[in-house]
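K.L.:
Quick one: the structure is below, and I'll ask about it shortly.
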Amino acid sequence: MAKMVELDQMEKHFRISKGMFDTSRQVVRAVDRVSFSIEEGEVVGLVGESGSGKTTLARVLLSLTKMTGGKAMIDGVDLSKATKKDLKKLHQEIAVVFQDPASNLNPRQTVESSIMRPMVIHGVPRSEARRKAKEVLDMVKMDQRYLDSYPHQLSGGQLQRIAIARALALSPKIMILDEPTSALDVSVQAQILNLLLDLQEKMHLTYLVITHDLNVIRYISDKIAVMYLGKLVEFGPTEEVTEHPKHPYTKGLMDAAPILDPRLRGRAKELMKGDPGSLINLGTGCRFYSRCKYATAECEKEDPKILNVGFGHQVSCVHPLQ
Amino acid sequence: MKETLLSLEHLSIDYKIKGGYLSAVHDVSMDLYPGEIFAVVGESGCGKSTVAHSIMRLLSGGNAKIEGKILFEGWDLRNYTEKEMEAVRGREIGMIFQNPLDSLNPVYTVGNQVSEAIMLDRVEKQEAMKRAIALFQDVKMPDAGERANSFPHELSGGMRQRVMIAMMLSRDPRLLIADEPTTALDVTIEAQILEIIKELKQTHNTAILMITHNFGLVAEAADKIAVMYAGEVVESGDVFEIFERPMHPYTKLLMQALPRKTKKEGRLQTIDGSVPRILDKKPGCRFANRCPYATETCRTQTPAVAQISETHRCRCFLAPDEIPSDRKGA
Amino acid sequence: MNERGKAKETLQACLKNGEFMVGLLILASVFLVAIFSEQIAHYGYTEQLVGPKFQPPSAEFWFGTDELGRDVFSRVVAGTRITLWVAFIGATLELVLGVTVGLICGYFGNWVDRVFSFLTDLTWCIPGTILALAVVTLLGKGLTNSVIAISLVSWASYARPVRAKTMSLKNMAFVETGTAFGETAFSLMFRYILPNVVPSLIVMVSMSLPATILSTTTLSFLGLGSQAPSPDWGLALSKGIEYIIRAPWLSIFPGVALVYTVLGFNLLGEGLRDILDPHMKAQ
């Protein structure tokens, strides 16, 4: 299988100045030397709490923001050296669906023109675009009578379907799904998840699914990447990561995630202390140091290296769990 | 048998809108005992929040028509004057919301705000501050003493929710209504808050009415649950029983729609159609248009609540025996 | 509910809104007078000695006559056109300037925003009329110049809210998605963001028009705007002041006409705000 996305020590640092006259600058390392790759046709789930950098990482891949270091290859294009032509190609190959159904579509555009828009700007003739709009609407199992509707006339689930239809309009290879079902009710969430999986299998798409809902991730993804304060702490096959987490943070996250079965509520779990913390004023050493119960002096001093702990399973920890 | 603390009897709430009445809540009955976490779950628009707000008499707009009884320790809160309700709010029944930042005053320190609440019970200022800090420790606020001097915007979402809980605790209410208390929080913080709520139930014998759309929270913490659909409680009972042997078709389908497996084990169950807006109550089951088992009776007659076991109730004609009971099927 | 249904609902909301309807009626009457001013006026507005000088209001001269024996009624009627012209030109200029600057500031941010926001703040710091006076002195006297001057001073009142709205819209998912599939900045600003600012712009325009009309009148009053023999209401007021004791009708009638028109715009604006704003919140 070919590698569709390959991140090598990718960085996104922001500089923030404290004020107009204070010239001292702080660096926020929102995504810090992250390396992992996504194979073609794979579903990778990216989990992490607020401030983990998961959304920033997605924004870099979507070229909504420029990375500041490292390398990111997307379908053979080096993002840091991408020419205008490369970017145009990437715009067609990577599509995105965001969380909030209500703001995913332009409130002042009809469903049809929202779906046609990406095709129109990439030079597809209008008649062809109109035909394709009907086709993708069909693919997301929506009736054609919605073509003339405006977003405020539709329900959350319908809006999300249309956002997916628009994403499919340019026949992308990669879809970035940023919390695609977080704003939806359980029964609608099930419909959208099923739809996403059907499309992925039928069209051999590559997904990067970002969410904080571990039950959704466990259901939908082949591999899981766990981020904490800008660092990738663990990456590996879904079952490995959920059943045998090697990083204390992953373990804490798994334990904290509510299990949808009351019989398991008495299970042994370790609750993490404290808040996710802030990206500002990060010292050296492991970023999870202050919340980790296994932390030693070593963890405070040095940045943990990436260890291979199994087939395709890597962890960034000084004392990985057994 | 313990005394019920809160008991809703045939509570119905209708909103007058253009061209008729919108039935937001219909014939809802439930009993809440001290030291119990009772979860009201349902999808958006099912009326769960309306129920919670009606207990506190916080329904906005004067166009709601309420019927039925809201009995708190045997007294009907609906007969209370506004003044009497003020005495009930906070003192007897506390409430926490999804977004604590909206409920905290941005210009006072959180310690100040909690001690203000304590001083409502005629406590000296310094003593109140001491108690406030003790409460912050109770809700596991890190550096409680220092944090008391922080302003709401300086705290994280989890810490703000802790402040809200401390503020409610300060008056030691018998009942705490938690309206989506962890929806805006990260999972690790959600788990911490849930632990505090569970502890509260044990140490203070507080009853907790938890309003949520998150079945994970219910599975983790609730003792009893009521599943609402289109303004009605379709099924209620012991949490283990409802999760393991759901009776109502809606609950059954919902349980199978939860992502509890991996994609290798097959697709999730879905429920076709959408929730109806109930205008001017007509007879018939409210779930009939989406129910795979619906018969002609379901469409023309309103099902009554069937008592399946001592605690388990279900509003369906087919319960308990006629619905195929295969959990893995469909 | 389809678009037509929504339009119908908005229309019903308009009909029910008292302020909006009164404002609309007032403005409709002003517009009618402007359109048919030649038919309504009894005399040409420059025609002198159509009757005795300083004639009080009478059956023949409804609003009396002025120091040159001109019919005040005909002059007030002719002045309507000037006022509406001022409103139209002023609104257009302010909108084009304010919206463009607001969009650019909000969309690009960073130093672009800092430079333009500084300019915006600067125009706020200097008292409007004084700045307008300076601009008029530079451009030369005259009605159009004074409208330009006023617009150059007051576009900032559009730029700020448009900038704020743009900043919040820029981060919305549909704009980010547009960026991700390759929309240009121009198209994002004018195709994605601007249409979503329009409803609040409509309200802003109708609320700020009265200010533009009044400021222009002020300049005319000070002798920097319209020049004699223009029937401009501001000019009429300033001339009328000289004879305020002897012939109060010279200032009263243009003054009342001015108040009437400004009131119309104000009521319409407030009505529109009530109708459009809750609607936007619901979205």
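Here's how to read the names in the structure tokens: chain A, B, ... by the order shown, residue numbers from 1 in each chain, ligand numbers from 1 in the order shown.
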Would you write out, as a tab-separated table, a table of all residues in chain B that have an atom no more than 6 Å from an atom of chain A, listing for each the closest atom pair and the distance in Å to one decimal, considering only C-alpha atoms and ordering rows by chain and rising residue number?
P.N.:
residue	atom	partner	partner_atom	distance
B:Glu43	CA	A:Asp185	CA	5.6
B:Asp186	CA	A:Glu49	CA	5.8
B:Val187	CA	A:Ala257	CA	5.9
B:Thr188	CA	A:Ala256	CA	5.2
B:Ala191	CA	A:Ala256	CA	5.3
B:Gly216	CA	A:Pro258	CA	4.7
B:Ala219	CA	A:Pro262	CA	4.3
B:Glu220	CA	A:Arg265	CA	5.2
B:Ala257	CA	A:Ala190	CA	5.6
B:Pro259	CA	A:Asn215	CA	5.8
B:Lys261	CA	A:Tyr219	CA	5.7
B:Thr262	CA	A:Tyr219	CA	3.9
B:Lys263	CA	A:Tyr219	CA	5.3
B:Leu268	CA	A:Ala190	CA	5.8
B:Thr270	CA	A:Gln191	CA	5.7
K.L.:
Could you write out as an NGL selection string the residues of chain C within 6 Å of chain A, counting only C-alpha atoms?
P.N.:
:C and (173-174 or 180-182)
K.L.:
As a PyMOL selection string, please: the residues near Thr120 (chain C) (cut-off 8 Å, only C-alpha atoms, same-chain neighbours under 2 positions excluded).
P.N.:
chain C and resi 116-118+122-124+156+159-160
K.L.:
Near Leu253 (chain B), within 9 Å and counting only C-alpha atoms, which residues show up once chain neighbours fewer than 3 positions away are dropped, as a compact mmCIF listing (two decimals) with C-alpha atoms, in the first residue's frame?
P.N.:
# COMPACT_ATOMS: atom_id res chain seq x y z
CA SER A 187 -29.42 7.91 16.14
CA HIS B 248 -39.53 -0.10 24.12
CA PRO B 249 -38.62 -0.30 20.42
CA TYR B 250 -37.07 3.17 20.59
CA GLN B 256 -27.96 -0.70 19.07
CA ALA B 257 -27.17 2.68 17.54
CA LEU B 258 -24.54 3.33 20.21
CA GLN B 269 -28.41 0.30 13.91
CA THR B 270 -30.14 3.40 12.59
CA ILE B 271 -33.62 4.75 13.11
CA ALA B 330 -31.88 -6.16 13.21
K.L.:
Give the helix (DSSP H, G or I) residues of region 13-231 of chain A, as assigned by DSSP on the backbone, as a ChimeraX atom specification.
P.N.:
/A:54-61,79-81,84-93,101-103,111-121,126-139,144-148,151-153,156-168,186-203,214-220
K.L.:
Which neighbours of region 164-177 of chain B fall inside 7 Å, counting only C-alpha atoms, when residues of the same chain fewer than 6 positions from it are skipped, and could you give them as a list in words?
P.N.:
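Result of the neighbour search: Gly90, Arg91, Glu92, Ile93, Gly94, Met95, Ile96, Pro100, Val114, Ala117, Ile118, Leu135, Phe136, Val139, Thr206, Ala207, Ile208, Leu209 and Met210 of chain B.
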K.L.:
Neighbours of Ala225 (chain A) within 9 Å (only C-alpha atoms; same-chain residues fewer than 2 positions away dropped), as a PDB file with N, CA and C atoms, in the first residue's frame?
P.N.:
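Now in around_28.pdb:
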ATOM      1  N   PHE A  36       4.016  10.533  11.762  1.00  0.00           N
ATOM      2  CA  PHE A  36       3.265   9.286  11.542  1.00  0.00           C
ATOM      3  C   PHE A  36       2.783   9.280  10.108  1.00  0.00           C
ATOM      4  N   VAL A  44      -7.652   6.643  10.006  1.00  0.00           N
ATOM      5  CA  VAL A  44      -6.862   6.920  11.200  1.00  0.00           C
ATOM      6  C   VAL A  44      -7.645   7.884  12.092  1.00  0.00           C
ATOM      7  N   GLY A  45      -7.775   7.522  13.348  1.00  0.00           N
ATOM      8  CA  GLY A  45      -8.453   8.376  14.302  1.00  0.00           C
ATOM      9  C   GLY A  45      -7.427   9.183  15.080  1.00  0.00           C
ATOM     10  N   LEU A  46      -7.679  10.477  15.201  1.00  0.00           N
ATOM     11  CA  LEU A  46      -6.766  11.336  15.942  1.00  0.00           C
ATOM     12  C   LEU A  46      -7.504  11.824  17.185  1.00  0.00           C
ATOM     13  N   VAL A  47      -7.016  11.415  18.356  1.00  0.00           N
ATOM     14  CA  VAL A  47      -7.698  11.821  19.587  1.00  0.00           C
ATOM     15  C   VAL A  47      -6.805  12.702  20.434  1.00  0.00           C
ATOM     16  N   GLY A  48      -7.439  13.449  21.302  1.00  0.00           N
ATOM     17  CA  GLY A  48      -6.699  14.321  22.197  1.00  0.00           C
ATOM     18  C   GLY A  48      -7.674  15.305  22.800  1.00  0.00           C
ATOM     19  N   LYS A 223      -6.490   2.704  12.764  1.00  0.00           N
ATOM     20  CA  LYS A 223      -5.367   3.065  13.627  1.00  0.00           C
ATOM     21  C   LYS A 223      -5.742   4.287  14.447  1.00  0.00           C
ATOM     22  N   MET A 227      -2.711  12.477  20.721  1.00  0.00           N
ATOM     23  CA  MET A 227      -1.873  13.660  20.909  1.00  0.00           C
ATOM     24  C   MET A 227      -2.091  14.267  22.274  1.00  0.00           C
ATOM     25  N   LEU A 232       2.754  13.847  19.622  1.00  0.00           N
ATOM     26  CA  LEU A 232       2.130  12.560  19.382  1.00  0.00           C
ATOM     27  C   LEU A 232       2.666  11.606  20.452  1.00  0.00           C
ATOM     28  N   VAL A 233       1.800  11.111  21.337  1.00  0.00           N
ATOM     29  CA  VAL A 233       2.309  10.260  22.413  1.00  0.00           C
ATOM     30  C   VAL A 233       2.196   8.781  22.076  1.00  0.00           C
ATOM     31  N   GLU A 234       1.202   8.434  21.256  1.00  0.00           N
ATOM     32  CA  GLU A 234       1.067   7.022  20.909  1.00  0.00           C
ATOM     33  C   GLU A 234       0.400   6.885  19.558  1.00  0.00           C
ATOM     34  N   PHE A 235       0.825   5.866  18.807  1.00  0.00           N
ATOM     35  CA  PHE A 235       0.242   5.629  17.491  1.00  0.00           C
ATOM     36  C   PHE A 235       0.278   4.132  17.227  1.00  0.00           C
ATOM     37  N   GLY A 236      -0.845   3.588  16.786  1.00  0.00           N
ATOM     38  CA  GLY A 236      -0.835   2.160  16.498  1.00  0.00           C
ATOM     39  C   GLY A 236      -2.198   1.657  16.095  1.00  0.00           C
ATOM     40  N   PRO A 237      -2.284   0.349  15.815  1.00  0.00           N
ATOM     41  CA  PRO A 237      -3.569  -0.225  15.427  1.00  0.00           C
ATOM     42  C   PRO A 237      -4.603  -0.027  16.539  1.00  0.00           C
ATOM     43  N   THR A 238      -5.855   0.201  16.149  1.00  0.00           N
ATOM     44  CA  THR A 238      -6.910   0.535  17.094  1.00  0.00           C
ATOM     45  C   THR A 238      -6.982  -0.430  18.285  1.00  0.00           C
ATOM     46  N   VAL A 241      -4.015  -0.072  20.673  1.00  0.00           N
ATOM     47  CA  VAL A 241      -3.995   1.162  21.462  1.00  0.00           C
ATOM     48  C   VAL A 241      -5.126   1.173  22.504  1.00  0.00           C
TER      49      VAL A 241
END
K.L.:
What does the distance from CA of Ala247 (chain C) to CA of Gln227 (chain C) come to in Å, to one decimal?
P.N.:
21.3 Å
K.L.:
Considering only C-alpha atoms, return as a PyMOL selection string whatever protein or nucleic-acid residues lie within 10 Å of Leu272 (chain C), sequence-local ones (same chain, fewer than 5 positions apart) excluded.
P.N.:
chain C and resi 13-14+17+19-21+23+199-200+202-204+206-207+266-267+277
K.L.:
Would you give me, as a PyMOL selection string, the residues in region 58-288 of chain A that DSSP reads as strand (DSSP E)?
P.N.:
chain A and resi 69-74+77-78+94-97+174-178+206-210+223-228+231-237
K.L.:
Generate a file of the selected residues that holds N, CA and C atoms, formatted as a compact mmCIF listing (two decimals), in the first residue's frame.
P.N.:
# COMPACT_ATOMS: atom_id res chain seq x y z
N GLY A 69 8.03 23.75 10.42
CA GLY A 69 9.21 22.91 10.42
C GLY A 69 8.86 21.48 10.08
N GLY A 70 9.86 20.70 9.72
CA GLY A 70 9.64 19.30 9.40
C GLY A 70 9.09 19.13 8.01
N LYS A 71 8.52 17.97 7.77
CA LYS A 71 8.10 17.64 6.43
C LYS A 71 6.73 17.00 6.46
N ALA A 72 5.93 17.30 5.47
CA ALA A 72 4.64 16.64 5.33
C ALA A 72 4.44 16.30 3.87
N MET A 73 4.36 15.02 3.57
CA MET A 73 4.12 14.60 2.20
C MET A 73 2.66 14.15 2.09
N ILE A 74 1.95 14.73 1.15
CA ILE A 74 0.58 14.30 0.93
C ILE A 74 0.46 13.83 -0.50
N VAL A 77 3.18 15.00 -2.68
CA VAL A 77 3.49 16.43 -2.73
C VAL A 77 4.08 16.86 -1.39
N ASP A 78 5.22 17.52 -1.46
CA ASP A 78 5.83 18.03 -0.23
C ASP A 78 5.17 19.36 0.11
N ILE A 94 -7.78 16.70 -1.10
CA ILE A 94 -8.13 16.65 0.32
C ILE A 94 -9.42 17.41 0.54
N ALA A 95 -10.40 16.76 1.13
CA ALA A 95 -11.65 17.44 1.44
C ALA A 95 -11.84 17.42 2.94
N VAL A 96 -12.73 18.28 3.42
CA VAL A 96 -12.89 18.38 4.86
C VAL A 96 -14.37 18.49 5.22
N VAL A 97 -14.72 17.93 6.37
CA VAL A 97 -16.05 18.13 6.95
C VAL A 97 -15.83 18.54 8.40
N ILE A 174 -8.41 11.96 0.03
CA ILE A 174 -8.32 12.02 1.49
C ILE A 174 -9.46 12.87 2.02
N MET A 175 -10.08 12.41 3.10
CA MET A 175 -11.08 13.24 3.76
C MET A 175 -10.65 13.48 5.19
N ILE A 176 -10.67 14.74 5.58
CA ILE A 176 -10.39 15.06 6.97
C ILE A 176 -11.72 15.36 7.65
N LEU A 177 -12.04 14.58 8.65
CA LEU A 177 -13.33 14.71 9.32
C LEU A 177 -13.08 15.21 10.73
N ASP A 178 -13.39 16.49 10.94
CA ASP A 178 -13.11 17.10 12.24
C ASP A 178 -14.36 17.03 13.10
N THR A 206 -9.21 7.63 1.99
CA THR A 206 -8.37 7.65 3.19
C THR A 206 -8.98 8.68 4.14
N TYR A 207 -9.20 8.29 5.40
CA TYR A 207 -9.82 9.20 6.35
C TYR A 207 -8.86 9.57 7.48
N LEU A 208 -8.89 10.82 7.86
CA LEU A 208 -8.30 11.21 9.13
C LEU A 208 -9.46 11.75 9.96
N VAL A 209 -9.85 11.01 10.98
CA VAL A 209 -11.01 11.39 11.78
C VAL A 209 -10.53 11.98 13.10
N ILE A 210 -10.90 13.23 13.35
CA ILE A 210 -10.51 13.88 14.59
C ILE A 210 -11.70 13.89 15.52
N LYS A 223 -6.49 2.70 12.76
CA LYS A 223 -5.37 3.06 13.63
C LYS A 223 -5.74 4.29 14.45
N ILE A 224 -5.07 4.45 15.56
CA ILE A 224 -5.34 5.59 16.41
C ILE A 224 -4.06 6.36 16.69
N ALA A 225 -4.13 7.67 16.58
CA ALA A 225 -3.01 8.53 16.97
C ALA A 225 -3.48 9.36 18.17
N VAL A 226 -2.70 9.36 19.24
CA VAL A 226 -3.08 10.10 20.44
C VAL A 226 -2.15 11.29 20.60
N MET A 227 -2.71 12.48 20.72
CA MET A 227 -1.87 13.66 20.91
C MET A 227 -2.09 14.27 22.27
N TYR A 228 -1.02 14.81 22.82
CA TYR A 228 -1.11 15.52 24.10
C TYR A 228 -0.24 16.75 24.04
N LYS A 231 2.20 17.04 21.14
CA LYS A 231 3.07 15.88 20.88
C LYS A 231 2.22 14.66 20.53
N LEU A 232 2.75 13.85 19.62
CA LEU A 232 2.13 12.56 19.38
C LEU A 232 2.67 11.61 20.45
N VAL A 233 1.80 11.11 21.34
CA VAL A 233 2.31 10.26 22.41
C VAL A 233 2.20 8.78 22.08
N GLU A 234 1.20 8.43 21.26
CA GLU A 234 1.07 7.02 20.91
C GLU A 234 0.40 6.89 19.56
N PHE A 235 0.83 5.87 18.81
CA PHE A 235 0.24 5.63 17.49
C PHE A 235 0.28 4.13 17.23
N GLY A 236 -0.84 3.59 16.79
CA GLY A 236 -0.83 2.16 16.50
C GLY A 236 -2.20 1.66 16.10
N PRO A 237 -2.28 0.35 15.82
CA PRO A 237 -3.57 -0.23 15.43
C PRO A 237 -4.60 -0.03 16.54
K.L.:
Considering only C-alpha atoms, state which residue in the set A:Pro125, A:Pro180, A:Gly230, A:Gly41 is at the smallest distance from Glu11 (chain A).
P.N.:
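Once distances to Glu11 (chain A) are computed over only C-alpha atoms, the minimum belongs to A:Gly230.
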K.L.:
Figure out the distance between CA of Ala236 (chain C) and CA of Pro210 (chain C), please, to one decimal in Å.
P.N.:
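Going from CA of Pro210 (chain C) over to CA of Ala236 (chain C) covers 18.3 Å.
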